[in-house]
Structure formats: C-alpha cells, structure tokens
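Content type CSV, C-alpha atoms, from the file final-v3.csv:
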chain,number,residue,atom,x,y,z
A,992,MET,CA,13.8,-15.5,35.7
A,993,LEU,CA,10.3,-14.6,34.9
A,994,PRO,CA,7.4,-16.8,33.8
A,995,ALA,CA,6.4,-16.4,30.2
A,996,GLU,CA,3.1,-14.5,31.0
A,997,LEU,CA,5.2,-11.7,32.7
A,998,LEU,CA,7.5,-11.1,29.7
A,999,GLN,CA,7.0,-8.1,27.5
A,1000,HIS,CA,8.5,-7.7,24.1
A,1001,THR,CA,7.9,-6.1,20.7
A,1002,GLN,CA,8.1,-7.9,17.4
A,1003,HIS,CA,8.5,-6.1,14.0
A,1004,SER,CA,9.8,-7.1,10.6
A,1005,GLY,CA,11.0,-10.5,11.8
A,1006,GLN,CA,13.0,-9.0,14.8
A,1007,ALA,CA,12.0,-9.4,18.4
A,1008,CYS,CA,13.1,-7.0,21.2
A,1009,PRO,CA,12.6,-7.1,24.9
A,1010,ARG,CA,10.6,-4.2,26.3
A,1011,PHE,CA,12.9,-2.6,28.9
A,1012,LEU,CA,11.6,-0.2,31.6
A,1013,GLN,CA,12.8,3.4,31.8
A,1014,PRO,CA,14.2,4.0,35.3
A,1015,GLU,CA,11.8,6.9,36.0
A,1016,ARG,CA,8.9,4.4,35.4
A,1017,GLY,CA,10.4,1.3,36.9
A,1018,LEU,CA,12.2,2.6,40.0
A,1019,PRO,CA,9.0,3.8,41.8
A,1020,TRP,CA,7.4,0.4,41.3
A,1021,ALA,CA,10.6,-1.4,42.6
A,1022,GLU,CA,10.5,0.8,45.7
A,1023,ARG,CA,6.9,0.0,46.4
A,1024,VAL,CA,7.4,-3.7,45.9
A,1025,LEU,CA,10.3,-3.8,48.4
A,1026,ALA,CA,8.4,-1.6,50.8
A,1027,ALA,CA,5.5,-4.1,50.8
A,1028,LEU,CA,7.9,-6.9,51.6
A,1029,ARG,CA,9.3,-4.9,54.5
A,1030,VAL,CA,5.8,-4.3,55.9
A,1031,HIS,CA,4.9,-8.0,55.6
A,1032,ARG,CA,7.9,-9.5,57.2
A,1033,GLY,CA,6.6,-12.2,59.6
A,1034,LYS,CA,3.3,-12.4,57.7
A,1035,THR,CA,2.0,-15.1,55.4
A,1036,ARG,CA,2.4,-15.4,51.7
A,1037,GLY,CA,-1.3,-15.0,51.3
A,1038,GLU,CA,-1.3,-11.7,53.0
A,1039,LEU,CA,1.7,-10.6,50.9
A,1040,ASP,CA,-0.1,-11.6,47.7
A,1041,GLU,CA,-3.1,-9.5,48.7
A,1042,ALA,CA,-0.8,-6.5,49.3
A,1043,PHE,CA,0.7,-6.9,45.8
A,1044,LEU,CA,-2.8,-7.1,44.3
A,1045,SER,CA,-3.7,-4.0,46.1
A,1046,LEU,CA,-0.5,-2.3,44.9
A,1047,GLU,CA,-1.1,-3.0,41.3
A,1048,GLY,CA,-4.8,-2.0,41.5
A,1049,ASP,CA,-6.1,-1.2,38.1
A,1050,SER,CA,-2.8,0.2,36.8
A,1051,PRO,CA,-1.8,-0.8,33.2
A,1052,ASP,CA,1.6,-1.6,34.8
A,1053,TYR,CA,0.2,-4.6,36.6
A,1054,ARG,CA,2.6,-7.0,34.8
A,1055,VAL,CA,5.5,-4.9,35.9
A,1056,VAL,CA,4.4,-5.1,39.5
A,1057,ARG,CA,3.9,-8.9,39.3
A,1058,GLY,CA,7.3,-9.3,37.6
A,1059,LEU,CA,9.2,-7.2,40.2
A,1060,ALA,CA,7.3,-9.1,43.0
A,1061,HIS,CA,8.2,-12.4,41.4
A,1062,LEU,CA,11.9,-11.6,41.3
A,1063,ALA,CA,12.0,-10.1,44.8
A,1064,LEU,CA,10.3,-13.1,46.3
A,1065,ALA,CA,12.8,-15.4,44.6
A,1066,GLU,CA,15.5,-13.7,46.8
A,1067,ALA,CA,13.4,-13.7,50.0
A,1068,THR,CA,12.9,-16.5,52.4
A,1069,LEU,CA,9.5,-18.0,53.0
A,1070,GLU,CA,9.3,-20.8,55.7
A,1071,VAL,CA,6.7,-23.1,57.1
A,1072,GLN,CA,6.1,-22.2,60.7
A,1073,SER,CA,4.4,-24.8,62.8
A,1074,PRO,CA,5.0,-26.3,66.3
A,1075,VAL,CA,4.6,-29.7,64.8
A,1076,PRO,CA,5.4,-30.7,61.1
A,1077,PRO,CA,2.0,-30.4,59.3
A,1078,ASP,CA,2.5,-33.7,57.5
A,1079,VAL,CA,3.0,-35.5,60.8
A,1080,LEU,CA,-0.2,-33.9,62.2
A,1081,ARG,CA,-2.3,-34.8,59.1
A,1082,ARG,CA,-1.0,-38.4,59.1
A,1083,GLU,CA,-2.0,-38.8,62.8
A,1084,ALA,CA,-5.3,-37.0,62.2
A,1085,PHE,CA,-6.3,-39.3,59.4
A,1086,ALA,CA,-5.2,-42.4,61.3
A,1087,LEU,CA,-7.4,-41.4,64.3
A,1088,ALA,CA,-10.3,-40.5,62.0
A,1089,ALA,CA,-10.1,-44.0,60.5
A,1090,GLN,CA,-10.6,-45.4,64.0
A,1091,ARG,CA,-13.2,-42.8,65.3
A,1092,GLY,CA,-15.2,-42.1,62.2
A,1093,TYR,CA,-15.6,-39.1,59.9
A,1094,GLY,CA,-18.6,-37.2,61.3
A,1095,GLU,CA,-18.4,-33.7,62.8
A,1096,ARG,CA,-18.4,-35.0,66.4
A,1097,GLU,CA,-15.7,-37.5,65.6
A,1098,ALA,CA,-13.6,-34.8,63.9
A,1099,SER,CA,-13.8,-32.7,67.1
A,1100,THR,CA,-12.8,-35.7,69.2
A,1101,VAL,CA,-9.8,-36.3,66.9
A,1102,LEU,CA,-8.7,-32.7,67.0
A,1103,GLY,CA,-9.1,-32.6,70.8
A,1104,GLU,CA,-6.9,-35.7,71.2
A,1105,LEU,CA,-4.2,-34.2,69.0
A,1106,ALA,CA,-4.4,-30.8,70.8
A,1107,GLN,CA,-4.0,-32.5,74.1
A,1108,LYS,CA,-1.1,-34.7,72.9
A,1109,TYR,CA,0.9,-31.7,71.5
A,1110,ASP,CA,-0.3,-29.2,74.2
A,1111,LEU,CA,-1.9,-26.9,71.6
A,1112,GLU,CA,-5.0,-24.8,71.5
A,1113,ALA,CA,-7.7,-26.2,69.2
A,1114,GLU,CA,-7.4,-23.2,66.8
A,1115,ALA,CA,-3.6,-23.4,66.8
A,1116,LEU,CA,-3.9,-27.0,65.9
A,1117,ARG,CA,-6.2,-26.3,63.0
A,1118,GLU,CA,-3.7,-23.7,61.7
A,1119,ALA,CA,-0.8,-26.1,62.0
A,1120,LEU,CA,-2.6,-28.9,60.0
A,1121,TYR,CA,-2.1,-27.0,56.8
A,1122,ALA,CA,0.7,-24.6,57.6
A,1123,ASP,CA,2.7,-26.0,54.7
A,1124,LEU,CA,0.3,-24.7,52.0
A,1125,PRO,CA,2.0,-22.0,49.9
A,1126,GLU,CA,-0.3,-19.3,51.0
A,1127,ARG,CA,0.4,-20.1,54.7
A,1128,GLU,CA,4.2,-19.8,54.4
A,1129,VAL,CA,5.7,-17.0,56.4
A,1130,LEU,CA,8.1,-14.3,55.1
A,1131,THR,CA,11.1,-14.6,57.4
A,1132,ALA,CA,13.9,-12.9,55.5
A,1133,LEU,CA,13.8,-10.0,53.1
A,1134,PRO,CA,15.7,-10.0,49.7
A,1135,ASP,CA,19.1,-8.3,49.8
A,1136,LEU,CA,18.1,-5.9,47.0
A,1137,THR,CA,17.9,-2.2,46.5
A,1138,PRO,CA,15.3,-0.7,44.2
A,1139,VAL,CA,18.0,-0.2,41.6
A,1140,ALA,CA,19.3,-3.8,41.9
A,1141,LEU,CA,15.7,-5.1,41.6
A,1142,LEU,CA,15.1,-3.1,38.5
A,1143,GLU,CA,18.4,-4.3,37.0
A,1144,ARG,CA,17.2,-7.9,37.7
A,1145,TYR,CA,13.9,-7.1,36.0
A,1146,GLN,CA,15.7,-5.7,32.9
A,1147,LEU,CA,17.9,-8.8,32.7
A,1148,ALA,CA,14.9,-11.1,33.1
A,1149,GLN,CA,13.1,-9.5,30.2
A,1150,ALA,CA,16.3,-10.0,28.0
A,1151,GLN,CA,16.5,-13.6,29.1
A,1152,GLY,CA,12.8,-14.3,28.5
A,1153,LEU,CA,13.1,-14.1,24.7
A,1154,LEU,CA,15.8,-16.8,24.8
A,1155,TYR,CA,13.2,-19.3,26.2
A,1156,TYR,CA,12.2,-19.6,22.5
A,1157,ALA,CA,15.7,-19.8,21.1
A,1158,THR,CA,16.8,-22.6,18.8
A,1159,GLU,CA,20.4,-21.4,18.4
A,1160,LEU,CA,22.7,-18.6,19.4
A,1161,LEU,CA,25.7,-17.0,17.8
A,1162,ILE,CA,27.9,-15.2,20.2
A,1163,GLN,CA,30.8,-12.9,19.2
A,1164,ALA,CA,33.0,-12.3,22.2
A,1165,HIS,CA,35.7,-9.7,21.5
A,1166,ARG,CA,39.1,-9.6,23.1
A,1167,ASN,CA,38.6,-9.6,26.9
A,1168,ILE,CA,40.3,-10.7,30.1
A,1169,SER,CA,40.5,-14.4,29.5
A,1170,GLY,CA,39.3,-15.1,33.1
A,1171,GLU,CA,36.0,-13.8,31.9
A,1172,TYR,CA,36.2,-16.2,28.9
A,1173,LYS,CA,36.8,-19.0,31.3
A,1174,LYS,CA,33.6,-18.5,33.2
A,1175,LEU,CA,31.8,-18.2,30.0
A,1176,PHE,CA,32.8,-21.7,28.9
A,1177,ARG,CA,32.3,-23.1,32.3
A,1178,PHE,CA,28.6,-22.0,32.2
A,1179,LEU,CA,28.2,-23.3,28.7
A,1180,LYS,CA,29.3,-26.7,30.0
A,1181,PHE,CA,27.4,-26.4,33.3
A,1182,TYR,CA,24.1,-25.9,31.5
A,1183,GLY,CA,24.7,-28.7,29.1
A,1184,LEU,CA,24.7,-26.4,26.0
A,1185,MET,CA,26.3,-27.8,22.8
A,1186,TYR,CA,28.6,-25.4,21.1
A,1187,ALA,CA,31.4,-24.9,18.6
A,1188,VAL,CA,34.1,-22.2,18.9
A,1189,GLU,CA,36.4,-20.5,16.4
A,1190,GLY,CA,38.6,-17.5,16.5
A,1191,ASP,CA,41.6,-16.4,18.6
A,1192,LEU,CA,42.6,-14.0,21.3
A,1193,ASP,CA,43.3,-11.1,19.0
A,1194,THR,CA,40.2,-11.2,16.9
A,1195,GLY,CA,37.8,-12.6,19.5
A,1196,TYR,CA,35.8,-15.8,19.6
A,1197,ARG,CA,32.7,-16.8,17.7
A,1198,ILE,CA,30.6,-19.3,19.7
A,1199,HIS,CA,27.8,-21.1,18.0
A,1200,VAL,CA,25.4,-22.6,20.5
A,1201,ASP,CA,23.1,-25.2,19.0
A,1202,GLY,CA,21.0,-28.1,20.2
A,1203,PRO,CA,18.2,-30.6,19.8
A,1204,ALA,CA,15.7,-27.8,19.4
A,1205,SER,CA,17.2,-26.8,16.1
A,1206,LEU,CA,17.3,-30.4,14.8
A,1207,PHE,CA,13.9,-31.6,15.8
A,1208,ALA,CA,11.0,-29.8,17.6
A,1209,GLN,CA,11.1,-26.7,19.6
A,1210,THR,CA,11.8,-27.6,23.2
A,1211,ARG,CA,11.4,-24.8,25.8
A,1212,ARG,CA,13.7,-26.6,28.3
A,1213,TYR,CA,16.8,-26.0,26.1
A,1214,GLY,CA,15.9,-22.4,25.5
A,1215,VAL,CA,15.6,-21.9,29.3
A,1216,ARG,CA,19.1,-23.2,29.6
A,1217,MET,CA,20.3,-20.6,27.1
A,1218,ALA,CA,18.4,-17.9,29.0
A,1219,THR,CA,20.1,-19.0,32.3
A,1220,PHE,CA,23.5,-18.7,30.6
A,1221,LEU,CA,23.0,-15.0,29.6
A,1222,PRO,CA,24.2,-13.5,32.9
A,1223,ALA,CA,27.5,-15.3,32.5
A,1224,LEU,CA,27.9,-13.6,29.1
A,1225,LEU,CA,27.5,-10.2,30.7
A,1226,HIS,CA,30.9,-10.6,32.4
A,1227,VAL,CA,32.5,-10.4,29.0
A,1228,THR,CA,33.4,-6.8,28.3
A,1229,LYS,CA,32.3,-6.5,24.7
A,1230,TRP,CA,30.0,-9.0,22.9
A,1231,GLU,CA,27.1,-9.4,20.5
A,1232,LEU,CA,24.5,-12.1,20.6
A,1233,ASP,CA,22.3,-13.2,17.6
A,1234,ALA,CA,19.6,-15.7,18.4
A,1235,ARG,CA,17.1,-17.5,16.2
A,1236,LEU,CA,13.7,-17.8,17.9
A,1237,HIS,CA,10.7,-19.9,17.3
A,1238,LEU,CA,8.2,-17.4,18.6
A,1239,LYS,CA,4.4,-17.7,18.1
A,1240,GLY,CA,4.8,-20.1,15.3
A,1241,GLN,CA,7.3,-17.9,13.4
A,1242,GLN,CA,11.1,-17.8,12.9
A,1243,THR,CA,12.2,-14.6,14.5
A,1244,CYS,CA,15.6,-13.0,15.1
A,1245,TYR,CA,16.8,-11.5,18.3
A,1246,THR,CA,19.9,-9.4,18.7
A,1247,LEU,CA,21.5,-8.2,22.0
A,1248,THR,CA,24.8,-6.6,22.6
A,1249,SER,CA,26.9,-5.3,25.5
A,1250,GLU,CA,25.6,-1.8,24.7
A,1251,ALA,CA,22.4,-2.9,26.4
A,1252,ARG,CA,24.1,-2.2,29.7
A,1253,LEU,CA,22.5,-5.2,31.4
A,1254,VAL,CA,23.9,-6.1,34.8
A,1255,SER,CA,24.7,-9.7,35.8
A,1256,HIS,CA,23.9,-11.0,39.3
A,1257,TYR,CA,26.3,-13.9,38.8
A,1258,SER,CA,29.5,-13.4,40.9
A,1259,LYS,CA,32.7,-12.6,39.0
A,1260,PRO,CA,35.2,-15.4,38.7
A,1261,PRO,CA,38.1,-15.3,41.1
A,1262,GLU,CA,41.4,-14.1,39.7
A,1263,PHE,CA,43.0,-17.5,40.6
A,1264,ASP,CA,41.5,-20.9,40.8
A,1265,SER,CA,43.7,-22.0,43.6
A,1266,LEU,CA,46.3,-20.7,46.1
A,1267,LEU,CA,48.9,-22.7,44.3
A,1268,GLU,CA,48.3,-20.7,41.1
A,1269,GLU,CA,48.4,-17.4,43.0
A,1270,ALA,CA,51.7,-18.3,44.7
A,1271,PHE,CA,53.2,-19.4,41.3
A,1272,PHE,CA,52.2,-16.1,39.7
A,1273,LYS,CA,53.7,-14.0,42.6
A,1274,ARG,CA,56.9,-16.0,42.7
A,1275,TRP,CA,57.4,-15.6,38.9
A,1276,ALA,CA,57.4,-11.8,39.2
A,1277,ARG,CA,60.5,-12.0,41.5
A,1278,LEU,CA,62.6,-14.1,39.0
A,1279,GLY,CA,63.7,-11.2,36.8
A,1280,THR,CA,63.4,-13.4,33.7
A,1281,PRO,CA,62.6,-11.9,30.2
A,1282,TRP,CA,59.7,-14.3,29.9
A,1283,ALA,CA,56.5,-12.5,30.8
A,1284,LEU,CA,53.9,-14.5,32.6
A,1285,GLU,CA,50.3,-13.8,31.6
A,1286,ARG,CA,47.2,-15.2,33.2
A,1287,GLU,CA,44.7,-17.3,31.1
A,1288,VAL,CA,45.2,-15.4,27.9
A,1289,GLU,CA,44.5,-18.0,25.3
A,1290,ILE,CA,41.6,-20.4,24.5
A,1291,ILE,CA,42.7,-23.6,22.7
A,1292,ASP,CA,40.1,-25.2,20.5
A,1293,LEU,CA,40.1,-29.0,21.0
A,1294,LYS,CA,37.4,-29.7,18.4
A,1295,GLY,CA,34.3,-30.2,20.6
A,1296,THR,CA,35.6,-28.5,23.7
A,1297,VAL,CA,38.0,-25.8,24.6
A,1298,PHE,CA,41.1,-25.7,26.9
A,1299,LEU,CA,42.2,-22.7,28.8
A,1300,PRO,CA,45.8,-23.0,30.1
A,1301,ASP,CA,46.4,-21.4,33.5
A,1302,PHE,CA,49.3,-19.2,32.2
A,1303,ALA,CA,51.1,-18.2,29.0
A,1304,LEU,CA,54.9,-17.4,29.0
A,1305,ARG,CA,55.8,-15.0,26.3
A,1306,HIS,CA,59.3,-14.1,25.3
A,1307,PRO,CA,60.3,-10.8,23.6
A,1308,ASP,CA,61.5,-12.8,20.5
A,1309,GLY,CA,57.9,-14.0,20.0
A,1310,ARG,CA,58.0,-17.5,21.5
A,1311,THR,CA,55.0,-18.6,23.6
A,1312,VAL,CA,54.8,-21.5,26.1
A,1313,TYR,CA,51.5,-22.5,27.7
A,1314,VAL,CA,51.6,-23.6,31.3
A,1315,GLU,CA,48.9,-25.7,33.1
A,1316,ILE,CA,49.1,-26.5,36.8
A,1317,VAL,CA,47.6,-29.9,37.2
A,1318,GLY,CA,46.0,-30.8,40.5
A,1319,PHE,CA,43.6,-33.7,40.3
A,1320,TRP,CA,44.0,-35.6,37.0
A,1321,ARG,CA,43.1,-38.7,35.1
A,1322,PRO,CA,44.7,-40.4,32.1
A,1323,ASP,CA,42.4,-38.9,29.4
A,1324,TYR,CA,43.1,-35.4,30.9

Entire entry expressed as structure tokens:
Amino acid sequence: MLPAELLQHTQHSGQACPRFLQPERGLPWAERVLAALRVHRGKTRGELDEAFLSLEGDSPDYRVVRGLAHLALAEATLEVQSPVPPDVLRREAFALAAQRGYGEREASTVLGELAQKYDLEAEALREALYADLPEREVLTALPDLTPVALLERYQLAQAQGLLYYATELLIQAHRNISGEYKKLFRFLKFYGLMYAVEGDLDTGYRIHVDGPASLFAQTRRYGVRMATFLPALLHVTKWELDARLHLKGQQTCYTLTSEARLVSHYSKPPEFDSLLEEAFFKRWARLGTPWALEREVEIIDLKGTVFLPDFALRHPDGRTVYVEIVGFWRPDY
C-alpha cells in the first residue's frame, strides 16, 4: 500500500473520494518508472532514488511518480551485496579500534589488518563496512509488473488509503459464487477484524465490520487492517462498501462499489480446498441421483462467526442437506 503522504483524495459535503488516475495520464508514468528500474538493475538503491527524482523533475505529478515507484519497489528485490557480512566487519573493526586507538593512523592500521584478513582491497573493504545501509542495497530482481498492472495497483492503493482512517465498514455482498464468499471471511478473520453478518444466499450478505477504533480513540492500525482486506472484497462479483472515516478531525463518509472496476492482486481461491473434496465432487456426478451437489453455496451464521459447509445437497422436492468433509478436528469444532 501507499504511505499517507502519497495518497490523493477529494472531500466534499461530508463525502471522501479517492483520486484515481486516468489511463492516458497514468500509463506513461508507469512505463517510465518500470523503465528506470530496468536500467538500474544491478545498481544501488541510492542511484535508483536519484533516477526517480530526476524522472519527476518539477512535474506537478511528482506524487504520482513517487507512488508508482513505491509500489514497484515493493515487488522488486533489493539485496545487501558484500563479500563479508557488514555487521561482522563493523564488529571486528570496532574491537580492533578499541585495542589500537581511534586516530586517523590507527584507523588505517585497522582497515589494513581487516583487508589483509579477508583478502580485500582497502576501498572494497570501506564499501563493505556499510553495505547494509538502505541506499547501498542493490536491485537484483525486477518487479513482475506491466505498466497496466502497476497502474491497477496504484488505483487500488488509492482506494485502500482512505480506509486507513476508517472506524467501521458496512459491506453489502450480493449473490456470488460462494467460494468467493469463503475467501472474504477468511481474510476478515486473518486480519483480526471484528464483524457481524446477516442475510442469506438469495438476498446477499450484509457484513458490519467494527472495532476498537469506533469505541474508543481513532487507531490507524485497525484502519490499515481494513485497507489490507479490500483486495479480498474485489473477488466478490457485486458489492458495495460504505465506510465511516475519521479524517482530518471530521467524520466523513466513503462509498466504494464494484463499479469502480478495481483489480485485486490477491490470488483467487482454489475451487476445492483439498483433493478429497475434489474427488468427492467428481464421484457424486457419476451416481445418477436426483440430489444435486452444489459447492459452498450457503453461509451459516453462528452468531459471532460464520460457517461455510463444503457442499449442499438439494433435492427437487425442496429438501437441502449440508455436507462438511472433516479433516483435522477438535471437540469444539
């Protein structure tokens, strides 16, 4: 995601809205950012940062460039490259300096001894001593992103950014493939979000996400969890999100829907959780029974949590039986 200083939004009549980039404006910047990364593969983070500063120049889009660069670098690999771990070198250098003294001549003596010990040139040793500083890290692998994908990541990050300030969310998830629902609830639990759910498969589900921020003081940490959850919601086909924000000392509303056409970078859930479930599904199709087997079609509210059976058996006369294949279990389960 993006740091707060790189977020852009508008606020009017108590409603906040992220400021998305038009493709004709955003794609050229995304292409230039990725091109700068390609040119600087094998070079240091400091050199790369200088290239990004040169790229933004005096353009009014400087925050766009910084945002795209931030997201691209999050997908790249930067490594410490040193013949000897820098912390080991520094520890030995300080230990020798304590014995030899701290003058300029003594420093040369210490560096000479270390260079001889590790068979390094004096200049290479000086570089290695602090090779683990952020600006000395070396770009070793490029992000697996196209300009379009990078721009999609930027648009999503802008939408997520307003949720940093959220105190509560109300999500309306309309009828969808329930495997998509399943991942939704998994992410709610994974990020430690407290929620209540109501509704059914036919009308959809209303999920109220609340937390300590709404009860006591505004806490950014909980809002960041809500923001991190947003890409999981994008796997649901049709949805609306209404958030209450505490933004710049004011209560503000924020509305987002599936019509925003945001793209999730979270992988889609697999169709089956295990080979056993997949085998069961395939064998059922060969039975020739009037009972139709459906995959994860219902969400059962257990008052405080939800339960998603693996299958539902539906009979033409209206009867329904839920089936759960239990692997590892414990008594309370």

Problem - Residue neighbourhood Lys1180 in chain A, 10 Å, only C-alpha atoms, exclusion window fewer than 5 positions, as a PyMOL selection string - result: chain A and resi 1174-1175+1185-1186+1220+1296

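If only C-alpha atoms are the atoms counted, then among A:Asp1323, A:Glu1112, A:Glu1159, A:Asp1135 the closest residue to Val1215 in chain A is A:Glu1159.
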
Handout entry: Minimum-distance residue to Lys1108 in chain A, chosen among A:Val1075, A:Leu1232, A:Val1024, A:Ala1086 (using all atoms listed in the file)
Key =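 Of the candidates, the smallest distance to Lys1108 in chain A is held by A:Val1075.
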
Practice task
For range 1035-1044 of chain A, please output as a ChimeraX atom specification all residues within 12 Å (counting all atoms listed in the file; exclusion window: fewer than 2 positions along the same chain).
Solution key: /A:1020-1021,1023-1033,1046-1050,1052-1061,1063-1064,1067-1072,1122-1131

Practice task
Check the smallest atom-to-atom distance from each of A:Glu1083, A:Ala1106, A:Gln1242, A:Leu1221 to Ser1004 in chain A using all atoms listed in the file, then report the winner.
Solution key: A:Gln1242

Handout entry: Of the listed residues A:Pro1134, A:Ala995, A:Lys1034, A:Leu1142, that which approaches Leu1012 in chain A most closely, counting all atoms listed in the file
Key =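 Once distances to Leu1012 in chain A are computed over all atoms listed in the file, the minimum belongs to A:Leu1142.
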
Exercise for the section: Could you check which of A:Val1079, A:Leu1225, A:Leu1284, A:Leu1184 is closest to Arg1252 in chain A, using all atoms listed in the file? Expected result: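 The shortest atom-to-atom distance to Arg1252 in chain A comes from A:Leu1225.
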
Fill in the blank from the handout: The distance between CA of Arg1277 in chain A and CA of Val1317 in chain A is 22.5 Å

Give as a tab-separated table (two decimals) with C-alpha atoms, keeping the file's coordinate frame the set of residues within 12 Å of the point (10.2, -7.1, 21.8), where distances use the file's coordinates and all atoms listed in the file.
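Produced file result_0.tsv, reproduced below:
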chain	number	residue	atom	x	y	z
A	998	LEU	CA	7.50	-11.10	29.70
A	999	GLN	CA	7.00	-8.10	27.50
A	1000	HIS	CA	8.50	-7.70	24.10
A	1001	THR	CA	7.90	-6.10	20.70
A	1002	GLN	CA	8.10	-7.90	17.40
A	1003	HIS	CA	8.50	-6.10	14.00
A	1004	SER	CA	9.80	-7.10	10.60
A	1005	GLY	CA	11.00	-10.50	11.80
A	1006	GLN	CA	13.00	-9.00	14.80
A	1007	ALA	CA	12.00	-9.40	18.40
A	1008	CYS	CA	13.10	-7.00	21.20
A	1009	PRO	CA	12.60	-7.10	24.90
A	1010	ARG	CA	10.60	-4.20	26.30
A	1011	PHE	CA	12.90	-2.60	28.90
A	1149	GLN	CA	13.10	-9.50	30.20
A	1150	ALA	CA	16.30	-10.00	28.00
A	1151	GLN	CA	16.50	-13.60	29.10
A	1152	GLY	CA	12.80	-14.30	28.50
A	1153	LEU	CA	13.10	-14.10	24.70
A	1154	LEU	CA	15.80	-16.80	24.80
A	1236	LEU	CA	13.70	-17.80	17.90
A	1238	LEU	CA	8.20	-17.40	18.60
A	1243	THR	CA	12.20	-14.60	14.50
A	1244	CYS	CA	15.60	-13.00	15.10
A	1245	TYR	CA	16.80	-11.50	18.30
A	1246	THR	CA	19.90	-9.40	18.70
A	1247	LEU	CA	21.50	-8.20	22.00

Exercise for the section: Using all atoms listed in the file, pick whichever of A:Leu1304, A:Glu1095, A:Ile1316, A:Val1101 has the shortest atom-to-atom distance to Phe1263 in chain A. Expected result: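 Among the listed residues, A:Ile1316 lies closest to Phe1263 in chain A.
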
Practice task
Show me as a list in words the residues that reach within 12 Å of (-9.1, -26.8, 61.7), counting only C-alpha atoms and using the file's own coordinates.
Solution key: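 With a cut-off of 12 Å, the residues come to Pro1077, Leu1080, Arg1081, Ala1084, Glu1095, Ala1098, Ser1099, Val1101, Leu1102, Gly1103, Leu1105, Ala1106, Glu1112, Ala1113, Glu1114, Ala1115, Leu1116, Arg1117, Glu1118, Ala1119, Leu1120, Tyr1121 and Ala1122 of chain A.
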
Practice task
One decimal, Å: what's the distance from CA of Leu993 in chain A over to CA of Gln1163 in chain A, could you say?
Solution key: 25.9 Å

Contacts of Pro1222 in chain A at 12 Å or less, counting only C-alpha atoms, minus same-chain residues fewer than 5 places along, as an mmCIF file with C-alpha atoms, keeping the file's coordinate frame?
data_model
loop_
_atom_site.group_PDB
_atom_site.id
_atom_site.type_symbol
_atom_site.label_atom_id
_atom_site.label_comp_id
_atom_site.auth_asym_id
_atom_site.auth_seq_id
_atom_site.Cartn_x
_atom_site.Cartn_y
_atom_site.Cartn_z
ATOM 1 C CA MET A 992 13.800 -15.500 35.700
ATOM 2 C CA GLU A 1143 18.400 -4.300 37.000
ATOM 3 C CA ARG A 1144 17.200 -7.900 37.700
ATOM 4 C CA GLN A 1146 15.700 -5.700 32.900
ATOM 5 C CA LEU A 1147 17.900 -8.800 32.700
ATOM 6 C CA ALA A 1148 14.900 -11.100 33.100
ATOM 7 C CA ALA A 1150 16.300 -10.000 28.000
ATOM 8 C CA GLN A 1151 16.500 -13.600 29.100
ATOM 9 C CA GLU A 1171 36.000 -13.800 31.900
ATOM 10 C CA LYS A 1174 33.600 -18.500 33.200
ATOM 11 C CA LEU A 1175 31.800 -18.200 30.000
ATOM 12 C CA PHE A 1178 28.600 -22.000 32.200
ATOM 13 C CA LEU A 1179 28.200 -23.300 28.700
ATOM 14 C CA ARG A 1216 19.100 -23.200 29.600
ATOM 15 C CA MET A 1217 20.300 -20.600 27.100
ATOM 16 C CA VAL A 1227 32.500 -10.400 29.000
ATOM 17 C CA SER A 1249 26.900 -5.300 25.500
ATOM 18 C CA ARG A 1252 24.100 -2.200 29.700
ATOM 19 C CA LEU A 1253 22.500 -5.200 31.400
ATOM 20 C CA VAL A 1254 23.900 -6.100 34.800
ATOM 21 C CA SER A 1255 24.700 -9.700 35.800
ATOM 22 C CA HIS A 1256 23.900 -11.000 39.300
ATOM 23 C CA TYR A 1257 26.300 -13.900 38.800
ATOM 24 C CA SER A 1258 29.500 -13.400 40.900
ATOM 25 C CA LYS A 1259 32.700 -12.600 39.000
#
